[in-house]
Every structure is written in structure tokens, then in C-alpha cells.
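Chemist: Let me begin by handing over the structure; questions about it come next.
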Amino acid sequence: MPMDLFLDFENRIKNALQNIGIEAETSTDKALLNRISAEPPRDPSHGEIATNAALVLAKPLAAKPRDIAVRLALELEADADIVAVEVAGPGFINLRLSDACWARVLAGILASGETYGHQPATGAAPVNVEFVSANPTGPMHVGHCRGAVVGDAIANLLVATGTPVTREYYINDAGAQIEALTQSALLRYREALGEAVGDIPSGLYPGDYLRPVGEALKAEFGDALLAMSEKEMLSTVRERTIDAMMVMIRDDLARLNIRHDVFSSERALTAGGLDRIAEAIAALSEKELIYEGKLPPPKGKPPEDWEDREQTLFKSSQFGDDMDRPLLKSDGSYTYFASDIAYHYDKFLRGFTRMIDVLGADHAGYAKRMKAAVTAISGGEAELEVQFCQLVKLFRGGEPVRMSKRSGELVTLREVVDEVGANAVRFMMLYRKADAPLDFDFQAVTEQSKDNPVFYVQYAHARTESVRRQASADVPQIDLAASALGQADLAGLRDEGERMLVRQMADWPRTLDAAARSREPHRVAFYLNDLASTFHAHWNRGKELPQLRFIKPDQLETSRVRLALVTAIGIVLRSGLSVLGVDAPREMR
RNA sequence: GGCCCCGUAGCUCAGCUGGAUAGAGCAUCGGCCUUCUAAGCCGAAUGUCGCAGGUUCGAAUCCUGCCGGGGUCGCCA
């Protein structure tokens, strides 16, 4: 049986339709067939799988939905795995599956192990997922943290569903902010040499993290930098400082268990005799997408310093953007957009035709032009998708945590991870739709209680392990290897709580698939919380009803089946947690 | 003013890309739990799905128009 039970039955339903003479011939027919679903109904009284086939087909067949449903139901009854078929409501067909069928689901989980629900690699070209891309002007702060975790989780989702991924970080190591950084580092260098530099001037970076950079420059060069030409000195300081910042950022990311495959440098786009930006503009120019023209001033509030002038524009409006966008600043240098076009062009030249950028919500207005640029410069061969992350608000015990940007005292990512751990950070960042604002409470995420989903899910996993440890002591005759447990009489799960757990686990492959398609890792987090909740509830029932406990030393066969169930739950929890990048602990300590 | 996102229980949010009677956790209320499988359990109550139209057998979900909140709007990155 395929891993996805529901997909399996969707296909059986389509086969049944063929058998009763309903087939897709035209493409519109096929589109129609795609609307047919086999899903777990919300209401358990509606069976275990429900299909809308008859409702979807009623109109094109000019028949009453219930008539089609009755014919289809009759055909489905022939399936040995289906023990009950019911036509209900306006024309839904509700199916109940045999115990043997559910037993096979459980056996399938035990056989596939932690890759249960995952899909084999398709062999397609990798998708480029760009995320974080924080400016290398200082340590990462919490604002970067969400994009980092979400981007990594989206990449994990794609890999888990068979799409190879390249994780990429774009280093914005050019521009005015980098010059400010360089000047700041230079001051710290002088400071290290014993000069009294006083306060760091406004506009520069006052953070202490540049002091070690100054010290390192002193250690490497002594005071020799001061004897260099201004250009040479600045270039050296810039180089060393950016490298130091990136070491720091990589280390911050590593603390969150995030590793990029590729780090691309903005400066490298126009270095060593190369000028990707000029190339990109030339490529667009060749397609007649560049022109000199004027843009209308923004409506509503006209800026005081608006200067109506001709500029070099890219016709992004031809590709869905709201207006054309400038590529050159008034001083003749490239805009950020121009170099970003070049960067995406570079990705295309490296062979990527599918790209995903994970950006902060403040860049929302940027998506259209960038997508337009990718479509234009690749001649429609490449496609960019943009995913957004909203802000994170920090709390401590319900009280907002103040962050003063002015003094440079942002809460750093490192501080957060050091305080609550990577697991809590990752899980909580994914426990909300990325596009919705998120409240993060330092206190709440470390609480060991049901109210803390991180703990709740991890604890569920620890409990599965604890049962297995207990079993090896109480019923040593039972082989706890998944392969051995898969041989148990898995149809012997009679209790409704047990069966619910199996049904819920059957839903994991389609949950994972849906999460990947929609780029919504939070669905995985919610799924895991639900599964943990069902498991904990079942566990608690064992307090009242000892006959429901997993280990019954006097009933070895029952114990075997239940240990198979518990082991499967552990597998599914690990399968899901691995996608989130959260540990599945064997015990809570 | 243009564009993007958001609006669901008192609060924080889900809602499986159009399915059947809209869910969970807090908070509230009621009961249980003091050795059992540590980090409590069970149950109850709670809705104009922002508003108004439209498409559909069927809409919280798709379309249009409003209302309200946030973001953004050439020479920042």
C-alpha cells in the first residue's frame, strides 16, 4: 500500500468511476477529476474516508448527485478493504475501512521508519531557497530569526517531499551601510591602537561587537594600516570586517541548526573584471525592456525633495508590476534593485529555474518587481516565488520586552537561543502562520506544561520512548525493533483511542504534502501538537482504565500490538519534528 | 491615492487550497485527582467567521465593492 492512505483511496475511487463507465477524456474532464478528493471527514460519524466524487460529477453528467453516489457506492463495496459504504448528505460517500487495512497503515509506518510520510527525491533540478540574507553589519537579532527558521523549514519541507534544495544566503556586502560599518571598524582599530576615539558618531555602528575586530586588525597589522593609502586601508578594513561579521552570523545560524549551502556576495557581482549588473542590464536592454523615462511622484503625500527627472527604468510593469522601476541612482550608481536583478540573473545562470525568496513583510512591495525581473531576464524560463515573514513581538511573562534600536541594544538571536534553546525558538517560530505577527514569550516557551506546545510535543515523544524502556524491563520477551513489531497482529487494536491514533497517523503524509505545497511549515507544528494531544489523552485514560495500558505482562500479544502503536507514534513525531528542525528527546530532563 | 498582508469565541490563533452541525489552547464555570504511566485529569459554556452583494448543489474559504488595523510606495538595503 502506498504511504498516503487517502491518495491511495482517491485512486481507487477514480478506478471505480472508470469501472462504472465514467472516464476523463477531455482536459476539462481531467480538471474535474482533480477536484475529486478522499479526505478524513471532520465528523467521525461520517466514516473514515469521505469523497465528494458524486457532487463534483453531478453537473457535467447531468445527473443527480445521489444517483451517481449510489452507483459508485455499489462499485466501491467490491473493494475488500472497504467494509462500509454510505451515501450521505447531498451526495457524499462515506467509507469505513477494514481492520486489516488499518493494520497495514500501521505496518507501513513501522516499515518506513522516520521517513514515513516523506516522498522520494524526484530527480528534478534543485529549487533555490534564499533566506536570512541579513546585512553583515552586526550580529543577527531576533528580527532575523523568524525568516531564518521559516526559510530553513520550507527548505526541509521541499526536501521531505522530494524536491532537492539549495539553501542560499545573499551577503549584502556593498553599499552605504557597509561603508558605515567599515568606518566604525576603523575607529575601533584606532581605539585598539590606544587612540581616544570618544563616542561613536551617529550614523555609524556603536556596538561592542566591533571592538574585537579592531583588536584583530591591530594584531594582524600593528599600526601599518595607517601608513597605507586611504583606499588600500579602507579596502583592507572592509574585507576583514565583513569576514568577521559573516563568521559571527554563521555562528549565530549554527546555533539554530541552520546551514546554508551557498553564500553569495553582492560585491562579487562586480569584482574581478566581472560586472554581472551591467550584464543583466544589457540582457534586459536586448529584450528592449530598458528605457530612459520619468516616473510619476507617489500619490497622497508628495515628498518635499521630489525631483522630476529622467532615469534608467526597467519595464517591470510589463510583467505584472505596478510601475517601472529605476536601475540607477541620481549619482549614477546602481540601485539595490539593479544589483538584485543581477544576483537573481546569476542564480539563473547557475542553472536555477525555480527560486524562492523568504523576505520580511516590510519587503512586500518588492515582490512584484523582483518576480517581474526574474521572468523577464530568464525569458520566462525561471520563476521566482516570494514568501513573507511577519514580525516577532517579544514578551517576558506577558510583559513586552523593550528594544531600543537607537542604542544598538537589540535583542540578539544569540541571547534568545542561549536563554530558551534552539528547539523552543524553532518550534515557536513555526507555530504560527509565517505571514501573521507572532508573540514570543521567553517565559512561556520554557515552561514544562501542557500550555507550552514545544514541551508538549517533545514530551509526547519522550513518553513513547519511556514506554519502550519500560517494556524492555517488564516484557523482555518482546522484540522492540520496528521490523519485529510490524509482525504483530496489528488488527488487534480494539480501543477507540488507539484507533484514533492510527487514523491520525494516516493523515501525516497528506499533511506534510499540503504543508510543502503551500510553503506553510506551521501546519506540521499544529499536526504534531494534535497528535501529541491525542496520545497524551490516551495515556491519561490508562490511569483510570489499567486495561488500556500499553504494557500488560500477562498479555504478550496485546502488549506487542500496543508497543507497535507507541513505536509508530514515536516515528511519526520524529518524522515531523525533523522537518521542523526540532529535537525529539528520549527523555525530558 | 496605488499595491501587499490581516480581520474567526472575552484573549491568542487553527481551519486540511470549495464540503456536511466552524475548531484548539488560554481565561471562565463545575467536578475529579494526593502515589497512578512525574511535569494533573474530565466535562460545560462561548460565534452576525468585519459589512454588503455575487459565483456554486454547497462559501470562513473564490470574485467585486465598502469598513477597520498593519506594512509599503524613485535616488535605503
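If you're wondering about the labels, chains in the C-alpha cells are A, B, ... by order shown, residues count from 1 in each chain, ligands from 1 in order shown.
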As an NGL selection string, please: every residue in segment 279-457 of chain A that DSSP puts in strand (DSSP E or B).
Modeler: :A and (290-293 or 311-314 or 325-326 or 328 or 334 or 354-360 or 383-389 or 392-396 or 399-400 or 404 or 409 or 412 or 438-441)
Chemist: Kindly assemble as a Markdown table a list of the chain A residues that lie within 7 Å of chain B, each paired with its nearest atom pair and their distance in Å to one decimal, using only C-alpha atoms (C1' of nucleotides), sorted first by chain and then by ascending residue number.
Modeler:
| residue | atom | partner | partner_atom | distance |
| --- | --- | --- | --- | --- |
| A:Gly89 | CA | B:A20 | C1' | 6.3 |
| A:Pro298 | CA | B:C73 | C1' | 6.4 |
| A:Lys299 | CA | B:G1 | C1' | 5.2 |
| A:Gly300 | CA | B:G1 | C1' | 4.9 |
| A:Pro326 | CA | B:G74 | C1' | 6.6 |
| A:Lys329 | CA | B:C75 | C1' | 4.4 |
| A:Ser330 | CA | B:C75 | C1' | 5.1 |
| A:Tyr336 | CA | B:A77 | C1' | 6.7 |
| A:Ala361 | CA | B:G71 | C1' | 6.8 |
| A:Asp362 | CA | B:G71 | C1' | 5.8 |
| A:Ala364 | CA | B:C4 | C1' | 5.8 |
| A:Gly365 | CA | B:U72 | C1' | 5.6 |
| A:Gln448 | CA | B:A39 | C1' | 6.1 |
| A:Ser449 | CA | B:A39 | C1' | 6.4 |
| A:Asp451 | CA | B:G25 | C1' | 7.0 |
| A:Lys543 | CA | B:C36 | C1' | 6.0 |
Chemist: Figure out the distance between atom CA of Ala280 of chain A and atom CA of Gly293 of chain A, please, to one decimal in Å.
Modeler: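 That distance, rounded to one decimal, is 19.1 Å.
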Chemist: Can you work out which one of B:U61, B:U8, B:G69, B:A27 has the shortest atom-to-atom distance to U48 of chain B, counting only C-alpha atoms (C1' of nucleotides)?
Modeler: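 Comparing B:U61, B:U8, B:G69, B:A27 against U48 of chain B, the winner is B:U8.
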Chemist: Per DSSP on the backbone, what are the alpha helix (DSSP H) residues of segment 166-321 of chain A, as a ChimeraX atom specification?
Modeler: /A:176-192,211-221,224-227,230-255,276-286
Chemist: Which is closer to Gly123 of chain A than all the others in A:Lys294, A:Glu288, A:Gly162, A:Glu168, using only C-alpha atoms?
Modeler: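 For Gly123 of chain A, the nearest of the given residues is A:Gly162.
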Chemist: Give me the residues within 8 Å of Asp439 of chain A as number ranges by chain, counting only C-alpha atoms (C1' of nucleotides) and dropping any in the same chain fewer than 2 places off.
Modeler: A: 392-395, 437, 441
Chemist: Write the residues of the preceding selection, restricted to N, CA and C atoms, as a compact mmCIF listing (two decimals), in the first residue's frame.
Modeler:
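Below you can see result_34.txt, which holds the result:
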# COMPACT_ATOMS: atom_id res chain seq x y z
N VAL A 392 8.14 39.57 14.92
CA VAL A 392 8.01 38.86 16.19
C VAL A 392 7.99 39.89 17.31
N LYS A 393 7.00 39.79 18.17
CA LYS A 393 6.98 40.66 19.36
C LYS A 393 7.45 39.84 20.54
N LEU A 394 8.38 40.41 21.28
CA LEU A 394 8.94 39.68 22.42
C LEU A 394 8.23 40.04 23.71
N PHE A 395 8.00 39.02 24.51
CA PHE A 395 7.39 39.22 25.83
C PHE A 395 8.18 38.42 26.85
N PRO A 437 1.66 38.10 12.48
CA PRO A 437 2.57 38.51 13.56
C PRO A 437 2.60 37.46 14.66
N ASP A 441 7.07 34.59 23.96
CA ASP A 441 7.25 34.86 25.38
C ASP A 441 8.36 33.98 25.93
Chemist: Record the distance separating atom CA of Ser184 of chain A and atom CA of Thr412 of chain A, expressed in Å with one decimal.
Modeler: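 Between atom CA of Ser184 of chain A and atom CA of Thr412 of chain A the gap works out to 19.3 Å.
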Chemist: Considering only C-alpha atoms, can you say which of A:Met233, A:Cys389, A:Met140, A:Ile93 comes closest to Arg66 of chain A?
Modeler: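 Going through A:Met233, A:Cys389, A:Met140, A:Ile93 one by one, the smallest distance to Arg66 of chain A is for A:Ile93.
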Chemist: Counting only C-alpha atoms, which residue out of A:Leu563, A:Val129, A:Ala155, A:Val237 sits closest to Lys347 of chain A?
Modeler: A:Val129
Chemist: Excluding segment 339-342 of chain A and residues on its chain fewer than 6 positions from it, collect all residues at most 12 Å away from it, counting only C-alpha atoms (C1' of nucleotides), and give them as JSON, numbers by chain.
Modeler: {"A": [133, 170, 171, 172, 173, 174, 175, 264, 265, 266, 267, 268, 269, 270, 274, 275, 276, 277, 278, 279, 280, 281, 282, 283, 284, 314, 316, 325, 326, 327, 328, 329, 333, 348, 349, 357, 366, 367, 369, 370, 371, 372, 373, 374, 375, 376, 377, 378, 384], "B": [77]}
Chemist: So which one's closest to U56 of chain B, A:Glu39, A:Leu55, A:Arg96, A:Lys231? Using only C-alpha atoms (C1' of nucleotides), please.
Modeler: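 Looking at the shortest contact to U56 of chain B, the residue is A:Leu55.
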Chemist: For segment 247-257 of chain A, find every residue with an atom within 7 Å (counting only C-alpha atoms (C1' of nucleotides)), except residues of its own chain fewer than 6 positions away, and show them as an NGL selection string.
Modeler: :A and (139-140 or 413-414 or 422)
Chemist: Output the selection as a PDB file, in the first residue's frame - C-alpha atoms for each residue.
Modeler:
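Result file is again.pdb:
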ATOM      1  CA  PRO A 139      25.127  40.035  14.897  1.00  0.00           C
ATOM      2  CA  MET A 140      21.751  38.650  13.990  1.00  0.00           C
ATOM      3  CA  LEU A 413      19.403  35.988  18.221  1.00  0.00           C
ATOM      4  CA  ARG A 414      22.196  34.548  20.287  1.00  0.00           C
ATOM      5  CA  ALA A 422      17.141  26.334  19.707  1.00  0.00           C
TER       6      ALA A 422
END
